[in-house]
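Okay, start.cif now, which holds mmCIF, C-alpha atoms and all ligand atoms:
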```
data_query
loop_
_atom_site.label_atom_id
_atom_site.label_comp_id
_atom_site.auth_asym_id
_atom_site.auth_seq_id
_atom_site.Cartn_x
_atom_site.Cartn_y
_atom_site.Cartn_z
CA MET A 1 -92.51 151.14 -223.98
CA GLY A 2 -89.01 149.82 -223.38
CA ASN A 3 -85.85 150.59 -225.25
CA ARG A 4 -84.23 148.10 -227.65
CA VAL A 5 -80.65 149.04 -226.72
CA CYS A 6 -81.29 148.81 -222.98
CA ASP A 7 -83.05 145.47 -223.45
CA ALA A 8 -80.28 144.04 -225.64
CA LEU A 9 -77.45 145.09 -223.30
CA GLY A 10 -79.13 144.94 -219.88
CA ILE A 11 -78.50 148.62 -219.11
CA GLU A 12 -80.81 151.31 -217.71
CA TYR A 13 -80.08 154.26 -220.00
CA PRO A 14 -79.43 154.02 -223.77
CA VAL A 15 -76.11 155.83 -223.48
CA ILE A 16 -72.83 154.21 -224.53
CA GLN A 17 -69.49 155.75 -223.59
CA GLY A 18 -67.29 155.31 -226.68
CA ALA A 19 -64.06 153.34 -226.28
CA MET A 20 -61.11 155.75 -226.03
CA ALA A 21 -57.56 154.40 -226.10
CA TRP A 22 -55.71 155.14 -222.83
CA THR A 23 -58.60 157.45 -221.86
CA SER A 24 -61.61 155.26 -221.11
CA MET A 25 -59.80 153.39 -218.36
CA ALA A 26 -61.48 151.70 -215.38
CA PRO A 27 -62.39 154.87 -213.37
CA LEU A 28 -64.47 156.25 -216.26
CA VAL A 29 -65.87 152.89 -217.39
CA GLY A 30 -66.92 151.90 -213.86
CA ALA A 31 -68.57 155.28 -213.27
CA VAL A 32 -70.53 155.11 -216.55
CA SER A 33 -71.75 151.57 -215.94
CA ALA A 34 -72.56 152.30 -212.28
CA ALA A 35 -74.69 155.25 -213.45
CA GLY A 36 -76.68 152.94 -215.74
CA GLY A 37 -75.01 153.51 -219.13
CA LEU A 38 -72.56 151.19 -220.89
CA GLY A 39 -68.93 151.91 -219.97
CA VAL A 40 -66.42 150.70 -222.57
CA LEU A 41 -62.74 150.05 -221.84
CA GLY A 42 -60.45 151.57 -224.48
CA SER A 43 -58.62 148.27 -224.63
CA GLY A 44 -57.99 148.03 -228.39
CA PHE A 45 -54.24 148.65 -228.07
CA MET A 46 -53.57 147.25 -224.59
CA PRO A 47 -51.53 144.21 -223.58
CA LYS A 48 -53.62 141.35 -222.18
CA GLU A 49 -52.51 141.69 -218.53
CA ILE A 50 -53.54 145.36 -218.53
CA ILE A 51 -56.94 144.57 -220.06
CA LEU A 52 -57.61 141.90 -217.44
CA GLY A 53 -56.39 144.23 -214.67
CA GLN A 54 -58.68 147.01 -215.90
CA MET A 55 -61.66 144.64 -215.98
CA ALA A 56 -60.94 143.67 -212.37
CA GLU A 57 -60.83 147.39 -211.43
CA VAL A 58 -64.21 148.01 -213.08
CA ARG A 59 -65.72 145.05 -211.21
CA LYS A 60 -64.58 146.61 -207.89
CA MET A 61 -66.72 149.66 -208.79
CA THR A 62 -69.88 147.99 -210.13
CA ASP A 63 -71.50 144.68 -210.97
CA LYS A 64 -73.41 146.22 -213.87
CA PRO A 65 -72.60 145.41 -217.53
CA PHE A 66 -69.53 146.96 -219.15
CA ALA A 67 -67.68 146.36 -222.42
CA ALA A 68 -64.14 145.95 -223.72
CA ASN A 69 -63.01 147.22 -227.12
CA LEU A 70 -61.14 145.51 -229.93
CA PHE A 71 -60.52 146.14 -233.62
CA ILE A 72 -61.62 143.25 -235.83
CA ASP A 73 -58.85 143.73 -238.38
CA PRO A 74 -56.58 140.68 -238.82
CA THR A 75 -53.61 141.83 -236.70
CA PRO A 76 -51.79 140.35 -233.67
CA MET A 77 -53.63 143.01 -231.62
CA LEU A 78 -56.93 141.29 -232.43
CA GLU A 79 -55.72 137.98 -230.99
CA VAL A 80 -54.68 139.73 -227.78
CA GLY A 81 -58.12 141.38 -227.52
CA VAL A 82 -60.07 138.19 -228.27
CA SER A 83 -58.12 136.17 -225.74
CA ALA A 84 -58.49 138.86 -223.03
CA ILE A 85 -62.24 139.22 -223.64
CA LEU A 86 -62.90 135.47 -223.64
CA GLU A 87 -60.95 135.14 -220.39
CA GLY A 88 -62.17 138.31 -218.63
CA LYS A 89 -65.76 137.92 -219.85
CA PRO A 90 -67.15 141.46 -219.81
CA ALA A 91 -70.89 141.49 -220.64
CA VAL A 92 -70.19 143.06 -224.03
CA ALA A 93 -67.50 143.01 -226.75
CA TYR A 94 -67.43 146.43 -228.44
CA ILE A 95 -66.00 145.89 -231.88
CA ASP A 96 -64.59 148.59 -234.13
CA SER A 97 -62.78 148.14 -237.46
CA LEU A 98 -60.32 150.17 -239.49
CA ASN A 99 -61.09 148.37 -242.79
CA LEU A 100 -64.23 147.06 -244.47
CA LEU A 101 -65.66 143.96 -242.77
CA ASP A 102 -65.24 140.49 -244.25
CA TYR A 103 -68.37 138.43 -243.54
CA ASP A 104 -66.77 135.05 -242.70
CA PHE A 105 -64.09 136.58 -240.48
CA THR A 106 -66.65 138.78 -238.71
CA LYS A 107 -69.14 135.94 -238.17
CA LYS A 108 -66.41 133.66 -236.79
CA HIS A 109 -65.50 136.25 -234.14
CA TYR A 110 -69.09 137.21 -233.24
CA ASP A 111 -69.90 133.50 -232.82
CA MET A 112 -66.94 133.03 -230.47
CA PHE A 113 -68.22 135.82 -228.23
CA HIS A 114 -71.84 134.68 -228.38
CA GLU A 115 -70.87 131.12 -227.48
CA ALA A 116 -69.11 132.55 -224.39
CA GLY A 117 -72.30 134.45 -223.45
CA ILE A 118 -70.86 137.84 -224.46
CA LYS A 119 -73.01 140.34 -226.41
CA VAL A 120 -71.63 142.01 -229.51
CA VAL A 121 -71.83 145.74 -230.22
CA ALA A 122 -70.54 146.55 -233.71
CA LYS A 123 -69.37 150.09 -234.41
CA ILE A 124 -69.54 150.74 -238.14
CA ASN A 125 -68.61 153.59 -240.48
CA TYR A 126 -70.49 152.52 -243.65
CA LEU A 127 -73.88 151.02 -244.49
CA GLU A 128 -72.08 148.10 -246.15
CA ASP A 129 -70.43 147.20 -242.83
CA ALA A 130 -73.73 147.55 -240.96
CA LEU A 131 -75.28 144.98 -243.31
CA VAL A 132 -72.38 142.56 -242.72
CA ALA A 133 -72.47 143.11 -238.94
CA ALA A 134 -76.25 142.56 -238.79
CA LYS A 135 -76.06 139.37 -240.90
CA ALA A 136 -73.24 138.10 -238.66
CA GLY A 137 -75.51 138.58 -235.62
CA ALA A 138 -74.46 141.87 -233.95
CA ASP A 139 -76.77 142.60 -231.01
CA VAL A 140 -76.48 146.39 -231.38
CA ILE A 141 -75.03 148.57 -234.15
CA ILE A 142 -73.35 151.92 -233.52
CA THR A 143 -73.31 154.23 -236.53
CA LYS A 144 -70.20 156.39 -236.13
CA GLY A 145 -70.21 159.50 -238.26
CA PHE A 146 -67.21 161.28 -239.68
CA GLU A 147 -67.28 164.12 -237.15
CA GLY A 148 -66.83 161.76 -234.19
CA GLY A 149 -63.60 161.68 -232.17
CA GLY A 150 -60.88 159.08 -232.79
CA HIS A 151 -59.98 157.97 -236.29
CA VAL A 152 -61.56 160.00 -239.08
CA THR A 153 -64.14 158.19 -241.19
CA LYS A 154 -65.98 159.34 -244.32
CA VAL A 155 -69.79 159.36 -244.00
CA SER A 156 -71.61 161.99 -241.92
CA ALA A 157 -73.40 160.84 -238.76
CA ARG A 158 -76.76 162.07 -240.07
CA VAL A 159 -76.56 160.20 -243.38
CA LEU A 160 -75.15 157.00 -241.87
CA LEU A 161 -77.87 156.76 -239.22
CA ALA A 162 -80.61 157.31 -241.81
CA GLU A 163 -79.13 154.64 -244.09
CA VAL A 164 -78.87 152.06 -241.32
CA VAL A 165 -82.33 152.77 -239.89
CA GLU A 166 -83.86 152.46 -243.35
CA ASN A 167 -82.11 149.19 -244.17
CA LEU A 168 -82.06 147.45 -240.79
CA PRO A 169 -85.34 148.22 -239.01
CA ASP A 170 -85.03 145.16 -236.75
CA VAL A 171 -81.59 145.92 -235.27
CA PRO A 172 -81.17 148.28 -232.27
CA VAL A 173 -79.17 151.28 -233.50
CA VAL A 174 -77.03 153.73 -231.53
CA ALA A 175 -76.13 157.06 -233.16
CA SER A 176 -72.58 158.33 -232.67
CA GLY A 177 -70.43 161.24 -233.74
CA GLY A 178 -70.80 164.85 -232.67
CA ILE A 179 -73.31 164.37 -229.84
CA ALA A 180 -73.17 166.30 -226.55
CA THR A 181 -76.66 167.64 -225.81
CA PRO A 182 -80.08 166.18 -224.93
CA ARG A 183 -81.61 168.25 -227.74
CA GLN A 184 -79.38 166.46 -230.26
CA ALA A 185 -80.34 163.10 -228.72
CA ALA A 186 -84.05 163.97 -229.02
CA GLY A 187 -83.56 164.83 -232.70
CA LEU A 188 -81.76 161.55 -233.25
CA THR A 189 -84.61 159.60 -231.61
CA VAL A 190 -86.96 161.10 -234.18
CA GLN A 191 -84.46 160.04 -236.86
CA GLY A 192 -84.70 156.44 -235.65
CA ALA A 193 -81.86 156.03 -233.14
CA ASP A 194 -82.59 153.82 -230.12
CA GLY A 195 -79.66 155.26 -228.19
CA ILE A 196 -76.60 157.45 -228.40
CA GLU A 197 -72.84 157.09 -228.00
CA MET A 198 -70.61 159.90 -226.77
CA GLY A 199 -66.82 159.88 -226.61
CA THR A 200 -65.48 163.44 -226.44
CA ALA A 201 -68.22 164.49 -223.97
CA PHE A 202 -67.06 161.77 -221.55
CA MET A 203 -63.46 163.04 -221.73
CA ALA A 204 -64.77 166.16 -220.03
CA THR A 205 -66.09 164.48 -216.90
CA GLN A 206 -64.76 164.45 -213.36
CA GLU A 207 -64.15 160.69 -213.34
CA CYS A 208 -62.24 160.50 -216.64
CA PRO A 209 -58.65 159.71 -215.62
CA ILE A 210 -56.90 161.94 -218.19
CA HIS A 211 -54.83 164.95 -217.14
CA PRO A 212 -56.97 167.99 -216.17
CA ASN A 213 -55.16 170.03 -218.86
CA CYS A 214 -56.69 167.76 -221.54
CA LYS A 215 -60.18 168.21 -220.13
CA ASP A 216 -59.62 171.99 -220.16
CA ALA A 217 -58.42 171.73 -223.77
CA VAL A 218 -61.76 170.10 -224.73
CA VAL A 219 -63.75 172.78 -222.91
CA ASP A 220 -61.68 175.60 -224.43
CA ALA A 221 -61.83 174.27 -228.03
CA ILE A 222 -64.22 175.71 -230.61
CA ASP A 223 -65.43 173.78 -233.65
CA ARG A 224 -62.70 174.92 -236.05
CA ASP A 225 -59.96 174.02 -233.59
CA ILE A 226 -60.56 170.34 -234.40
CA VAL A 227 -58.31 169.27 -237.27
CA ALA A 228 -57.72 165.96 -239.05
CA CYS A 229 -54.04 165.06 -238.60
CA GLY A 230 -52.19 162.30 -240.42
CA GLN A 231 -54.18 162.18 -243.69
CA SER A 232 -50.92 161.10 -245.36
CA THR A 233 -50.74 157.97 -243.17
CA GLY A 234 -54.15 156.75 -244.32
CA GLU A 235 -55.31 156.67 -240.68
CA PRO A 236 -56.01 160.29 -239.75
CA SER A 237 -57.42 161.22 -236.35
CA TRP A 238 -59.18 164.33 -235.07
CA GLN A 239 -57.01 166.41 -232.79
CA ILE A 240 -57.32 169.73 -231.04
CA ARG A 241 -55.17 172.23 -232.86
CA ASN A 242 -51.91 172.87 -230.97
CA GLY A 243 -48.16 173.01 -231.63
CA LEU A 244 -47.97 169.32 -232.56
CA ALA A 245 -51.03 169.39 -234.84
CA ASP A 246 -49.76 172.53 -236.63
CA GLU A 247 -46.39 170.87 -237.20
CA MET A 248 -48.06 167.76 -238.65
CA LEU A 249 -50.33 169.78 -240.95
CA GLN A 250 -47.34 171.84 -242.15
CA LEU A 251 -45.39 168.68 -242.97
CA GLU A 252 -48.30 167.42 -245.05
CA ALA A 253 -48.49 170.77 -246.86
CA ASP A 254 -44.74 170.91 -247.58
CA LEU A 255 -43.68 167.33 -248.28
CA PRO A 256 -44.77 164.52 -250.62
CA TRP A 257 -47.23 162.48 -248.51
CA SER A 258 -45.05 159.36 -248.52
CA GLU A 259 -42.32 161.36 -246.73
CA ALA A 260 -44.72 163.24 -244.47
CA ALA A 261 -46.37 159.97 -243.39
CA ASP A 262 -43.12 158.52 -242.01
CA LYS A 263 -42.36 161.66 -240.03
CA ILE A 264 -45.91 161.89 -238.70
CA ARG A 265 -45.91 158.25 -237.58
CA GLU A 266 -42.70 158.98 -235.69
CA MET A 267 -44.13 162.13 -234.10
CA SER A 268 -47.32 160.28 -233.13
CA MET A 269 -45.50 157.63 -231.09
CA GLY A 270 -46.36 158.28 -227.47
CA SER A 271 -48.02 161.62 -228.31
CA LEU A 272 -51.37 160.61 -226.83
CA ARG A 273 -49.63 159.69 -223.60
CA ILE A 274 -47.78 163.03 -223.48
CA ALA A 275 -51.14 164.84 -223.55
CA SER A 276 -53.38 162.44 -221.61
CA LEU A 277 -51.03 161.49 -218.79
CA GLU A 278 -48.40 164.23 -218.65
CA GLY A 279 -50.84 167.03 -219.48
CA ASP A 280 -48.78 168.76 -222.17
CA ARG A 281 -51.52 170.21 -224.40
CA GLU A 282 -49.01 171.77 -226.84
CA LYS A 283 -46.59 168.91 -227.54
CA GLY A 284 -49.00 166.00 -227.01
CA ALA A 285 -51.86 164.83 -229.24
CA VAL A 286 -55.17 165.86 -227.67
CA LEU A 287 -57.64 163.67 -229.56
CA ALA A 288 -61.22 165.01 -229.56
CA GLY A 289 -64.14 165.19 -231.98
CA GLN A 290 -65.70 168.26 -233.59
CA VAL A 291 -68.30 168.33 -230.83
CA ALA A 292 -65.70 169.79 -228.42
CA GLY A 293 -67.13 173.20 -229.36
CA LEU A 294 -70.40 172.19 -227.66
CA ILE A 295 -68.79 171.04 -224.42
CA HIS A 296 -68.60 173.77 -221.81
CA ASP A 297 -68.13 172.05 -218.46
CA ILE A 298 -66.61 169.08 -216.64
CA PRO A 299 -69.50 167.52 -214.70
CA PRO A 300 -69.70 164.19 -212.87
CA VAL A 301 -70.37 161.25 -215.22
CA ALA A 302 -73.91 160.79 -213.83
CA ASP A 303 -74.87 164.22 -215.23
CA ARG A 304 -73.95 163.06 -218.74
CA ILE A 305 -76.22 160.03 -218.25
CA VAL A 306 -79.04 160.40 -215.70
CA LYS A 307 -79.59 164.16 -215.96
CA PHE A 308 -78.99 164.03 -219.72
CA CYS A 309 -81.62 161.30 -220.23
CA ALA A 310 -84.16 163.13 -218.05
CA GLU A 311 -83.80 166.23 -220.27
CA TRP A 312 -83.82 164.06 -223.42
CA GLU A 313 -87.09 162.43 -222.38
CA GLU A 314 -88.61 165.77 -221.37
CA LEU A 315 -87.87 167.14 -224.85
CA LEU A 316 -89.51 164.13 -226.49
CA LYS A 317 -92.64 164.59 -224.40
CA LYS A 318 -93.10 168.13 -225.68
CA GLN A 319 -95.54 168.38 -228.52
CA TYR A 320 -93.71 169.66 -231.55
CA SER A 321 -95.61 170.85 -234.57
CA LEU A 322 -94.48 172.23 -237.88
CA PHE A 323 -97.53 174.43 -238.41
C1 LIG B 1 -59.50 160.34 -227.33
C2 LIG B 1 -60.28 159.36 -228.16
C3 LIG B 1 -59.78 158.08 -228.35
C4 LIG B 1 -60.54 157.14 -229.07
N1 LIG B 1 -60.05 155.87 -229.17
C5 LIG B 1 -60.84 154.89 -229.72
C6 LIG B 1 -60.45 153.52 -229.65
O1 LIG B 1 -59.39 153.17 -229.14
N2 LIG B 1 -61.31 152.59 -230.15
C7 LIG B 1 -62.51 152.93 -230.72
O2 LIG B 1 -63.27 152.04 -231.14
N3 LIG B 1 -62.89 154.23 -230.82
C8 LIG B 1 -62.10 155.20 -230.32
N4 LIG B 1 -62.55 156.52 -230.31
C9 LIG B 1 -63.89 156.82 -230.84
C10 LIG B 1 -64.97 156.78 -229.72
O3 LIG B 1 -65.14 155.47 -229.23
C11 LIG B 1 -66.35 157.27 -230.21
O4 LIG B 1 -66.80 156.43 -231.25
C12 LIG B 1 -66.33 158.72 -230.66
O5 LIG B 1 -65.59 159.50 -229.75
C13 LIG B 1 -67.74 159.26 -230.78
O6 LIG B 1 -67.74 160.57 -231.28
P1 LIG B 1 -67.75 161.90 -230.34
O7 LIG B 1 -66.35 162.04 -229.84
O8 LIG B 1 -68.14 162.98 -231.27
O9 LIG B 1 -68.73 161.66 -229.24
C14 LIG B 1 -61.78 157.50 -229.64
C15 LIG B 1 -62.26 158.80 -229.46
C16 LIG B 1 -61.54 159.73 -228.74
C17 LIG B 1 -62.11 161.12 -228.55
#
```

Rewrite the structure of this file - the entire thing - as structure tokens.
Ligand SMILES: Cc1cc2nc3c(=O)[nH]c(=O)nc-3n(C[C@H](O)[C@H](O)[C@H](O)COP(=O)(O)O)c2cc1C
Amino acid sequence: MGNRVCDALGIEYPVIQGAMAWTSMAPLVGAVSAAGGLGVLGSGFMPKEIILGQMAEVRKMTDKPFAANLFIDPTPMLEVGVSAILEGKPAVAYIDSLNLLDYDFTKKHYDMFHEAGIKVVAKINYLEDALVAAKAGADVIITKGFEGGGHVTKVSARVLLAEVVENLPDVPVVASGGIATPRQAAGLTVQGADGIEMGTAFMATQECPIHPNCKDAVVDAIDRDIVACGQSTGEPSWQIRNGLADEMLQLEADLPWSEAADKIREMSMGSLRIASLEGDREKGAVLAGQVAGLIHDIPPVADRIVKFCAEWEELLKKQYSLF
């Protein structure tokens, strides 16, 4: 029957590993792509030399397609990302955005990648952005729901997927946000998804190069441990509740948000690094989505792709009936 996401991206399994800043580095990306999914470098905030170095590391592990991430908001960071991707030429540019998409700006960038032979995966948070991305020529659209790890968005994964599937039947769609089990993936197939993206679930894998304490924090977390920190800054992110998160939430409860925002920005500087690299799960920011409550182990990457897809397909083959 074929799968539209696999066909569009040249991969074997319709599983995308979400870009994760300073987390989805070469060892994870290479392992995901080698196993037949799409590995995505969390390169959105990296200097160009590091992005190019990471791409070289991935290529030592596999010759299969992988992607690099950038944010298509008009910032100097975007220019760094565009230049690194055009030079390093991964098979796919994986494009996120913090603000609503502008059609002309989006089309200009997608065209640059397409002319260089690079596919475009657009990760969107609203139907409006999906329509812009599709018109601008995105090869695949990821619908990222509000519960997904990273920066907090507004629309639920279930509603967003349904909206995009209804409005864009001809575009391959990947559901994202809150996914960790084959049973969820099977349900999403019925809802019209061609594939799935997982971020938090790939943090808890053997190959992910973050500190083991962070992986344990994901496994130990339950659903209500995941809190949205930094609402006052306008760019909140999901974090596992710990000393740092409690302090941030208290500041937002006690202070006018304009004051809290400055303090939180200061506290956030380097906080991801303190958790991910140094392993301090109390003082560092352990970013993870609400789905952490469904993640109970730290398997090899291949289990989250090959074994996962075998179970997913098995579930779809079962005959379900309402009556
Ligand atoms: C630790 C962490 C860092 C993230 N950093 C980025 C990023 O730099 N760029 C991006 O596009 N998405 C980022 N995300 C979002 C993921 O790519 C993905 O869309 C999300 O994790 C999917 O939801 P899930 O965690 O429920 O699977 C991040 C997510 C996590 C958990």

Distance of atom CA of Leu41 of chain A from atom CA of Thr23 of chain A, expressed in Å to one decimal place: 8.5 Å

Among the residues A:Leu28, A:Ile118, A:Val40, A:Cys309, the one that comes closest to ligand LIG 1 (chain B) [using all atoms listed in the file]: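 The closest residue to ligand LIG 1 (chain B) is A:Val40.
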
Residue nearest Arg273 of chain A - candidates A:Arg304, A:Lys135, A:His211, A:Arg241, atoms counted: only C-alpha atoms: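 Result for the nearest residue to Arg273 of chain A: A:His211.
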
Excluding segment 105-109 of chain A and any residue of its chain fewer than 6 positions from it, enumerate the residues within 10 Å of it, using all atoms listed in the file, and give them as a short mmCIF file (atom, residue, chain, number, x, y, z; two decimals) with C-alpha atoms, in the coordinates of the input.
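Writing done, so here's selection_32.cif:
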```
data_model
loop_
_atom_site.label_atom_id
_atom_site.label_comp_id
_atom_site.auth_asym_id
_atom_site.auth_seq_id
_atom_site.Cartn_x
_atom_site.Cartn_y
_atom_site.Cartn_z
CA ILE A 72 -61.62 143.25 -235.83
CA ASP A 73 -58.85 143.73 -238.38
CA PRO A 74 -56.58 140.68 -238.82
CA VAL A 82 -60.07 138.19 -228.27
CA ILE A 95 -66.00 145.89 -231.88
CA GLU A 115 -70.87 131.12 -227.48
CA VAL A 120 -71.63 142.01 -229.51
CA VAL A 132 -72.38 142.56 -242.72
CA ALA A 133 -72.47 143.11 -238.94
CA ALA A 134 -76.25 142.56 -238.79
CA LYS A 135 -76.06 139.37 -240.90
CA ALA A 136 -73.24 138.10 -238.66
CA GLY A 137 -75.51 138.58 -235.62
CA ALA A 138 -74.46 141.87 -233.95
#
```

What do you get as an mmCIF file with C-alpha atoms, keeping the file's coordinate frame if you pick all residues at most 7 Å from ligand LIG 1 (chain B), counting all atoms listed in the file?
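The resulting file, selection30.cif, is reproduced below:
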```cif
data_model
loop_
_atom_site.group_PDB
_atom_site.id
_atom_site.type_symbol
_atom_site.label_atom_id
_atom_site.label_comp_id
_atom_site.auth_asym_id
_atom_site.auth_seq_id
_atom_site.Cartn_x
_atom_site.Cartn_y
_atom_site.Cartn_z
ATOM 1 C CA GLY A 18 -67.290 155.310 -226.680
ATOM 2 C CA ALA A 19 -64.060 153.340 -226.280
ATOM 3 C CA MET A 20 -61.110 155.750 -226.030
ATOM 4 C CA ALA A 21 -57.560 154.400 -226.100
ATOM 5 C CA THR A 23 -58.600 157.450 -221.860
ATOM 6 C CA GLY A 42 -60.450 151.570 -224.480
ATOM 7 C CA SER A 43 -58.620 148.270 -224.630
ATOM 8 C CA GLY A 44 -57.990 148.030 -228.390
ATOM 9 C CA PHE A 45 -54.240 148.650 -228.070
ATOM 10 C CA ASN A 69 -63.010 147.220 -227.120
ATOM 11 C CA LEU A 70 -61.140 145.510 -229.930
ATOM 12 C CA PHE A 71 -60.520 146.140 -233.620
ATOM 13 C CA ILE A 95 -66.000 145.890 -231.880
ATOM 14 C CA ASP A 96 -64.590 148.590 -234.130
ATOM 15 C CA LYS A 144 -70.200 156.390 -236.130
ATOM 16 C CA GLU A 147 -67.280 164.120 -237.150
ATOM 17 C CA GLY A 148 -66.830 161.760 -234.190
ATOM 18 C CA GLY A 149 -63.600 161.680 -232.170
ATOM 19 C CA GLY A 150 -60.880 159.080 -232.790
ATOM 20 C CA HIS A 151 -59.980 157.970 -236.290
ATOM 21 C CA SER A 176 -72.580 158.330 -232.670
ATOM 22 C CA GLY A 177 -70.430 161.240 -233.740
ATOM 23 C CA GLY A 178 -70.800 164.850 -232.670
ATOM 24 C CA ILE A 179 -73.310 164.370 -229.840
ATOM 25 C CA ALA A 180 -73.170 166.300 -226.550
ATOM 26 C CA GLU A 197 -72.840 157.090 -228.000
ATOM 27 C CA MET A 198 -70.610 159.900 -226.770
ATOM 28 C CA GLY A 199 -66.820 159.880 -226.610
ATOM 29 C CA THR A 200 -65.480 163.440 -226.440
ATOM 30 C CA ALA A 201 -68.220 164.490 -223.970
ATOM 31 C CA LEU A 287 -57.640 163.670 -229.560
ATOM 32 C CA ALA A 288 -61.220 165.010 -229.560
ATOM 33 C CA GLY A 289 -64.140 165.190 -231.980
ATOM 34 C CA GLN A 290 -65.700 168.260 -233.590
ATOM 35 C CA VAL A 291 -68.300 168.330 -230.830
#
```

Contacts of Cys208 of chain A at 10 Å (only C-alpha atoms; same-chain gap of 3+ positions) as a PyMOL selection string: chain A and resi 23-29+31-32+202-205+211-212+215+298+300-301

Answer as a list of chain:residue names, residues within 6 Å of (-62.1, 167.8, -235.6) using only C-alpha atoms: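 Looking at atoms near the point gives A:Ile226, A:Val227, A:Ala228, A:Trp238, A:Gln239, A:Gly289, A:Gln290.
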
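Of the residues listed (A:Ala175, A:Leu294, A:Val155, A:Met248), A:Leu294 shows the shortest atom-to-atom separation from Asp223 of chain A; distances use all atoms listed in the file.
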
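Atom CA of Gln206 of chain A sits 21.2 Å away from atom CA of Ala68 of chain A.
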
One-decimal distance in Å that lies between atom CA of Cys214 of chain A and atom CA of Gly230 of chain A: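 These two atoms are separated by 20.2 Å.
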
Given all atoms listed in the file as the counted atoms, nearest of A:Met112, A:Leu127, A:Val58, A:Ile141 to Ser156 of chain A: A:Leu127

Test item: residues at most 12 Å from Lys318 of chain A, all atoms listed in the file, excluding those fewer than 4 positions along its chain, as a list in words: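 So the residues in contact are Arg183, Ala186, Glu311, Trp312, Glu313 and Glu314 of chain A.
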
Counting only C-alpha atoms, the residue of A:Glu49, A:Gly284, A:Pro236, A:Trp257 that sits nearest Gly270 of chain A: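 Between A:Glu49, A:Gly284, A:Pro236, A:Trp257, the residue approaching Gly270 of chain A most closely is A:Gly284.
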
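Of the listed residues A:Thr62, A:Ala35, A:Arg158, A:Phe308, the one whose atoms come nearest to Gly187 of chain A is A:Arg158, with distances taken using all atoms listed in the file.
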